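Notes for the one structure printed next.
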Amino acid sequence: MPQITAVTVEDVRFPTSLTADGSDAMNKDGDYSAAYVVLQTDGVDAAGAPLGGYGLTFTIGRGNDIVAAAALLQARRLIGWDVDAMAADMGAVYRFLTADSQLRWLGPEKGVVHLSLAAVLNASWDLVARAAGKPLWQLLTDMSPEQLVEIADLRYLSDALTRDEALGILRAREGTKGERVAELARTGYPAYTTSAGWLGYDDDKLRRLCQEAVDAGYGYVKLKVGADLDDDIRRCAIAREIIGPQRNLMIDANQVWDVDQAIEWVRALAQFEPLWIEEPTSPDDILGHAAVRRAVAPIGVATGEHCHNRVMFKQLFQAEAIDFCQLDTGRLASINEILAVLLLAAKFGVPVCPHAGGVGLCEMVQHVSVLDYVAVSGDLTNRVTEFVDHLHEHFTDPCLVRDTGSGSAYVLPRSPGYSTQMRPESVQRYRFPDGQYWATAREEASAAAPQLHVVTDEPAAAVAS
């Protein structure tokens, strides 16, 4: 019976700001980062290697240390837990970690505490999947409807989704799950790319990357917008010229507009026929999203990467505020809360197109999309999952996207776990602030800094001494 014997949490940061990867109207210079949790055990996996669980949440630089510190506080509570007992009742693990009333006071279910909880629970789910020798999507889709409902956090949702309704949704898909798994093994899960459209890229790079996306088989390309309307018109024109009228173009404002400004701006870009406008205004403004949706139709409204919890998603669905649900695997409290949102989306008929792109998010999100299609929605209509081709080389089991002939798609993961284990050498190099990369960068910056001239009333000799 393996037990958790120790935990480590690392602050890992990659210098993506140097190349403007990830740049948008709100976040211009992010360094993609992860609060990386490792749960160590005294057991071994099926291959005889040490058994551990690996999880993370995503940030964009400063403050990642705060999330890592909170994750360590929460992860330490799992020391001594039996892995088999965890696997038998992951709902109990979730309830144990979320029942710390003193930590909940700092949220509840939002902000740093919830981000860090996601990292710890992601590591927990990775651990039990590795112990079972299954990729996480398979561990989940092998569960019965009753087992899945037991792990889903349905608290505060009964006015929109009852437990019986959740069971009904899952039971309706139960008999045909195998068919959909076989289909995904052949075709993969549809993907779209944001790699071409970062706001900091110049027009030549935008043009080149859009063409590369077309050549790679992408039928969906997303651009960042929102800093300057004339620039957006020019950049959308370039993108539409390259991808042609038959492919889908999406635009993402990353929360930068007020509601009225969002409506005006999206109408100005309507000539390029975007499929959706993503995060048109504050992620907390549910009624604002509903107003934008009514005003810009038939352009869809998408949001969710900064949606704190399942209750906010419930209200977005109830208010008919969004056309596409973009839940985030590093912001919601892992599978327990993600499953609740998937069930809500199925009840309200809103397609789930998860947010990804940040460190490890693409690796995790593929499992969630497969879970949704196989066990929850049973539908691929208007469903496509984000892919950004950055930083996958730092993972032991990186996600794979390939052209299937009918479009680019995620290849069904086969390795045990949640695909969240980082390469030890990457952690060593990019650990902040003492990893090799950051220590060297700090030394070089110090050497290149100009000498300071001290202004003082004292004689120069005194200053020198």
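Ordering of the structure tokens sets the chain letters (A, B, ...), residue numbers begin anew at 1 in every chain, and ligands are numbered from 1 in the order given.
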Exercise. Skipping near chain neighbours, those fewer than 2 positions away, what residues fall within 12 Å of Ala46 of chain A using only C-alpha atoms, listed as a VMD selection string?
Worked result: chain A and resid 43 to 44 48 to 52 129 to 134 415 to 416
Serialized selection, N, CA and C atoms, as a CSV table (one decimal), in the first residue's frame:
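The resulting file, out_33.csv, is shown below:
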chain,number,residue,atom,x,y,z
A,43,GLY,N,6.1,3.9,-3.0
A,43,GLY,CA,5.8,2.8,-4.0
A,43,GLY,C,6.5,2.9,-5.3
A,44,VAL,N,6.2,1.9,-6.2
A,44,VAL,CA,6.7,1.9,-7.5
A,44,VAL,C,5.5,1.8,-8.5
A,48,GLY,N,8.1,-0.4,-12.5
A,48,GLY,CA,9.1,-0.5,-11.5
A,48,GLY,C,9.8,0.8,-11.1
A,49,ALA,N,9.4,1.9,-11.6
A,49,ALA,CA,10.0,3.2,-11.3
A,49,ALA,C,9.3,3.8,-10.1
A,50,PRO,N,10.0,4.7,-9.4
A,50,PRO,CA,9.4,5.3,-8.2
A,50,PRO,C,8.0,5.9,-8.6
A,51,LEU,N,7.0,5.7,-7.8
A,51,LEU,CA,5.7,6.2,-8.1
A,51,LEU,C,5.5,7.6,-7.5
A,52,GLY,N,5.1,8.5,-8.3
A,52,GLY,CA,4.9,9.9,-7.8
A,52,GLY,C,3.8,10.5,-8.6
A,129,ALA,N,-3.8,8.0,-11.4
A,129,ALA,CA,-3.8,7.5,-12.8
A,129,ALA,C,-2.5,6.7,-13.0
A,130,ARG,N,-1.4,7.2,-12.6
A,130,ARG,CA,-0.1,6.5,-12.7
A,130,ARG,C,-0.1,5.2,-11.9
A,131,ALA,N,-0.7,5.2,-10.7
A,131,ALA,CA,-0.8,4.0,-9.9
A,131,ALA,C,-1.7,3.0,-10.6
A,132,ALA,N,-2.7,3.4,-11.4
A,132,ALA,CA,-3.6,2.5,-12.1
A,132,ALA,C,-3.0,2.1,-13.4
A,133,GLY,N,-1.9,2.7,-13.9
A,133,GLY,CA,-1.3,2.4,-15.2
A,133,GLY,C,-2.1,2.9,-16.3
A,134,LYS,N,-2.9,4.0,-16.2
A,134,LYS,CA,-3.8,4.5,-17.2
A,134,LYS,C,-3.6,5.9,-17.5
A,415,SER,N,0.3,7.4,-22.4
A,415,SER,CA,1.1,7.2,-21.2
A,415,SER,C,0.3,7.4,-19.9
A,416,PRO,N,0.6,6.6,-18.9
A,416,PRO,CA,-0.2,6.8,-17.6
A,416,PRO,C,0.0,8.2,-17.0
For this session: Just the strand (DSSP E or B) stuff from segment 86-216 of chain A, please, per backbone DSSP, written as a VMD selection string.
Result: chain A and resid 135 189 to 197
Restricting it to N, CA and C atoms, dump the selection as a CSV table (one decimal), in the first residue's frame.
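The result, stored in result-v1.csv:
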chain,number,residue,atom,x,y,z
A,135,PRO,N,-3.7,6.4,-18.7
A,135,PRO,CA,-3.8,7.8,-18.9
A,135,PRO,C,-5.1,8.3,-18.2
A,189,TYR,N,-8.6,14.5,-31.3
A,189,TYR,CA,-9.6,15.5,-30.9
A,189,TYR,C,-9.2,16.9,-31.6
A,190,PRO,N,-10.2,17.5,-32.3
A,190,PRO,CA,-10.0,18.7,-33.1
A,190,PRO,C,-9.3,19.8,-32.3
A,191,ALA,N,-8.3,20.4,-32.9
A,191,ALA,CA,-7.5,21.5,-32.2
A,191,ALA,C,-7.5,22.7,-33.1
A,192,TYR,N,-7.3,23.9,-32.4
A,192,TYR,CA,-7.1,25.1,-33.0
A,192,TYR,C,-5.8,25.7,-32.5
A,193,THR,N,-5.2,26.7,-33.3
A,193,THR,CA,-3.9,27.3,-32.9
A,193,THR,C,-4.0,28.8,-32.6
A,194,THR,N,-3.3,29.2,-31.5
A,194,THR,CA,-3.1,30.6,-31.2
A,194,THR,C,-1.7,31.0,-31.5
A,195,SER,N,-0.8,30.1,-31.9
A,195,SER,CA,0.6,30.3,-32.0
A,195,SER,C,0.9,31.4,-33.0
A,196,ALA,N,0.0,31.6,-34.0
A,196,ALA,CA,0.2,32.7,-35.0
A,196,ALA,C,-0.1,34.1,-34.6
A,197,GLY,N,-0.9,34.2,-33.5
A,197,GLY,CA,-1.6,35.5,-33.4
A,197,GLY,C,-1.2,36.3,-32.2
Under the rule of at most 7 Å, produce a per-residue listing of segment 147-227 of chain A near segment 359-382 of chain A: chain, number, name, the closest pair of atoms, and the distance in Å, as CSV, using only C-alpha atoms.
residue,atom,partner,partner_atom,distance
A:Ile169,CA,A:Val376,CA,6.5
A:Leu170,CA,A:Val376,CA,5.6
A:Arg173,CA,A:Ala375,CA,5.7
A:Glu174,CA,A:Ala375,CA,6.7
A:Lys177,CA,A:Val374,CA,5.2
A:Arg180,CA,A:Val374,CA,5.6
A:Val181,CA,A:Val374,CA,6.4
Exercise. Where does DSSP see alpha helix (DSSP H) in segment 158-284 of chain A, if you list the residues as a PyMOL selection string?
Worked result: chain A and resi 163-174+177-187+203-215+229-243+259-269
For this session: Skip Ala71 of chain A itself and residues of its chain fewer than 4 positions away, then list as a list in words all residues within 7 Å of it, counting only C-alpha atoms.
Result: Val67, Ala75, Ser116, Leu117, Ala119 and Val120 of chain A
For this session: Fewer than 2 positions away in the same chain doesn't count, so skip those; otherwise give me all residues within 9 Å of Gly219 of chain A, counting only C-alpha atoms, as a ChimeraX atom specification.
Result: /A:191-193,213-214,217,221,243,246-249,406-408
Could you please take those selected residues and save N, CA and C atoms as a JSON list (two decimals), in the first residue's frame?
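Saved as part_38.json:
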[["chain", "number", "residue", "atom", "x", "y", "z"],
["A", 191, "ALA", "N", -8.27, 20.44, -32.90],
["A", 191, "ALA", "CA", -7.46, 21.47, -32.25],
["A", 191, "ALA", "C", -7.47, 22.75, -33.06],
["A", 192, "TYR", "N", -7.31, 23.88, -32.36],
["A", 192, "TYR", "CA", -7.06, 25.15, -33.05],
["A", 192, "TYR", "C", -5.76, 25.74, -32.52],
["A", 193, "THR", "N", -5.19, 26.70, -33.26],
["A", 193, "THR", "CA", -3.91, 27.27, -32.88],
["A", 193, "THR", "C", -4.02, 28.75, -32.56],
["A", 213, "ALA", "N", 0.26, 27.62, -40.17],
["A", 213, "ALA", "CA", -0.93, 27.00, -39.59],
["A", 213, "ALA", "C", -1.78, 26.34, -40.67],
["A", 214, "VAL", "N", -1.95, 27.04, -41.79],
["A", 214, "VAL", "CA", -2.70, 26.47, -42.90],
["A", 214, "VAL", "C", -2.02, 25.21, -43.42],
["A", 217, "GLY", "N", -2.59, 22.11, -41.43],
["A", 217, "GLY", "CA", -3.93, 21.55, -41.42],
["A", 217, "GLY", "C", -4.91, 22.17, -40.47],
["A", 221, "VAL", "N", -7.90, 29.39, -36.49],
["A", 221, "VAL", "CA", -6.75, 30.20, -36.09],
["A", 221, "VAL", "C", -7.26, 31.36, -35.24],
["A", 243, "ILE", "N", -5.58, 32.60, -44.41],
["A", 243, "ILE", "CA", -6.31, 31.38, -44.09],
["A", 243, "ILE", "C", -7.50, 31.15, -45.01],
["A", 246, "GLN", "N", -12.74, 29.81, -45.96],
["A", 246, "GLN", "CA", -13.29, 28.52, -45.53],
["A", 246, "GLN", "C", -12.83, 28.10, -44.14],
["A", 247, "ARG", "N", -11.81, 28.76, -43.60],
["A", 247, "ARG", "CA", -11.32, 28.43, -42.26],
["A", 247, "ARG", "C", -11.87, 29.42, -41.25],
["A", 248, "ASN", "N", -11.86, 29.02, -39.99],
["A", 248, "ASN", "CA", -12.42, 29.84, -38.93],
["A", 248, "ASN", "C", -11.35, 30.74, -38.32],
["A", 249, "LEU", "N", -11.72, 32.00, -38.13],
["A", 249, "LEU", "CA", -10.87, 32.97, -37.45],
["A", 249, "LEU", "C", -11.55, 33.35, -36.14],
["A", 406, "SER", "N", -8.33, 15.78, -42.11],
["A", 406, "SER", "CA", -9.55, 16.59, -42.00],
["A", 406, "SER", "C", -9.35, 17.73, -41.01],
["A", 407, "GLY", "N", -8.08, 17.99, -40.65],
["A", 407, "GLY", "CA", -7.77, 19.07, -39.72],
["A", 407, "GLY", "C", -6.81, 18.61, -38.65],
["A", 408, "SER", "N", -6.14, 19.56, -38.02],
["A", 408, "SER", "CA", -5.19, 19.23, -36.96],
["A", 408, "SER", "C", -5.95, 18.78, -35.71]]
Quick one: residues within 7 Å of segment 257-270 of chain A, only C-alpha atoms, excluding same-chain residues fewer than 5 positions away - as a PDB file with C-alpha atoms, in the first residue's frame?
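Once everything was written out, this is selection.pdb:
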ATOM      1  CA  ILE A 233      -8.212  45.656 -38.719  1.00  0.00           C
ATOM      2  CA  PRO A 280     -14.485  40.747 -24.402  1.00  0.00           C
ATOM      3  CA  THR A 281     -14.682  42.323 -20.939  1.00  0.00           C
ATOM      4  CA  GLY A 288     -21.771  42.306 -19.358  1.00  0.00           C
ATOM      5  CA  VAL A 292     -22.108  41.751 -25.564  1.00  0.00           C
ATOM      6  CA  ALA A 295     -25.245  42.889 -29.440  1.00  0.00           C
ATOM      7  CA  VAL A 296     -22.641  41.104 -31.591  1.00  0.00           C
TER       8      VAL A 296
END
For this session: Excluding segment 152-158 of chain A and any residue of its chain fewer than 5 positions from it, enumerate the residues within 9 Å of it, using only C-alpha atoms, and give them as an MDAnalysis selection string.
Result: chainID A and resid 91 94:95 147 163 310:311 314 335:341 344
For this session: Using only C-alpha atoms, determine which residues lie at most 7 Å from segment 418-433 of chain A, disregarding the query and same-chain residues fewer than 5 positions distant; provide the list as a ChimeraX atom specification.
Result: /A:10-14,54-55,126,135-136,360,363-364,394-398,438-439
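Going from atom CA of Asn254 of chain A over to atom CA of Glu393 of chain A, you cover 26.4 Å.
Here atom CA of Tyr36 of chain A and atom CA of His392 of chain A stand 14.9 Å from one another.
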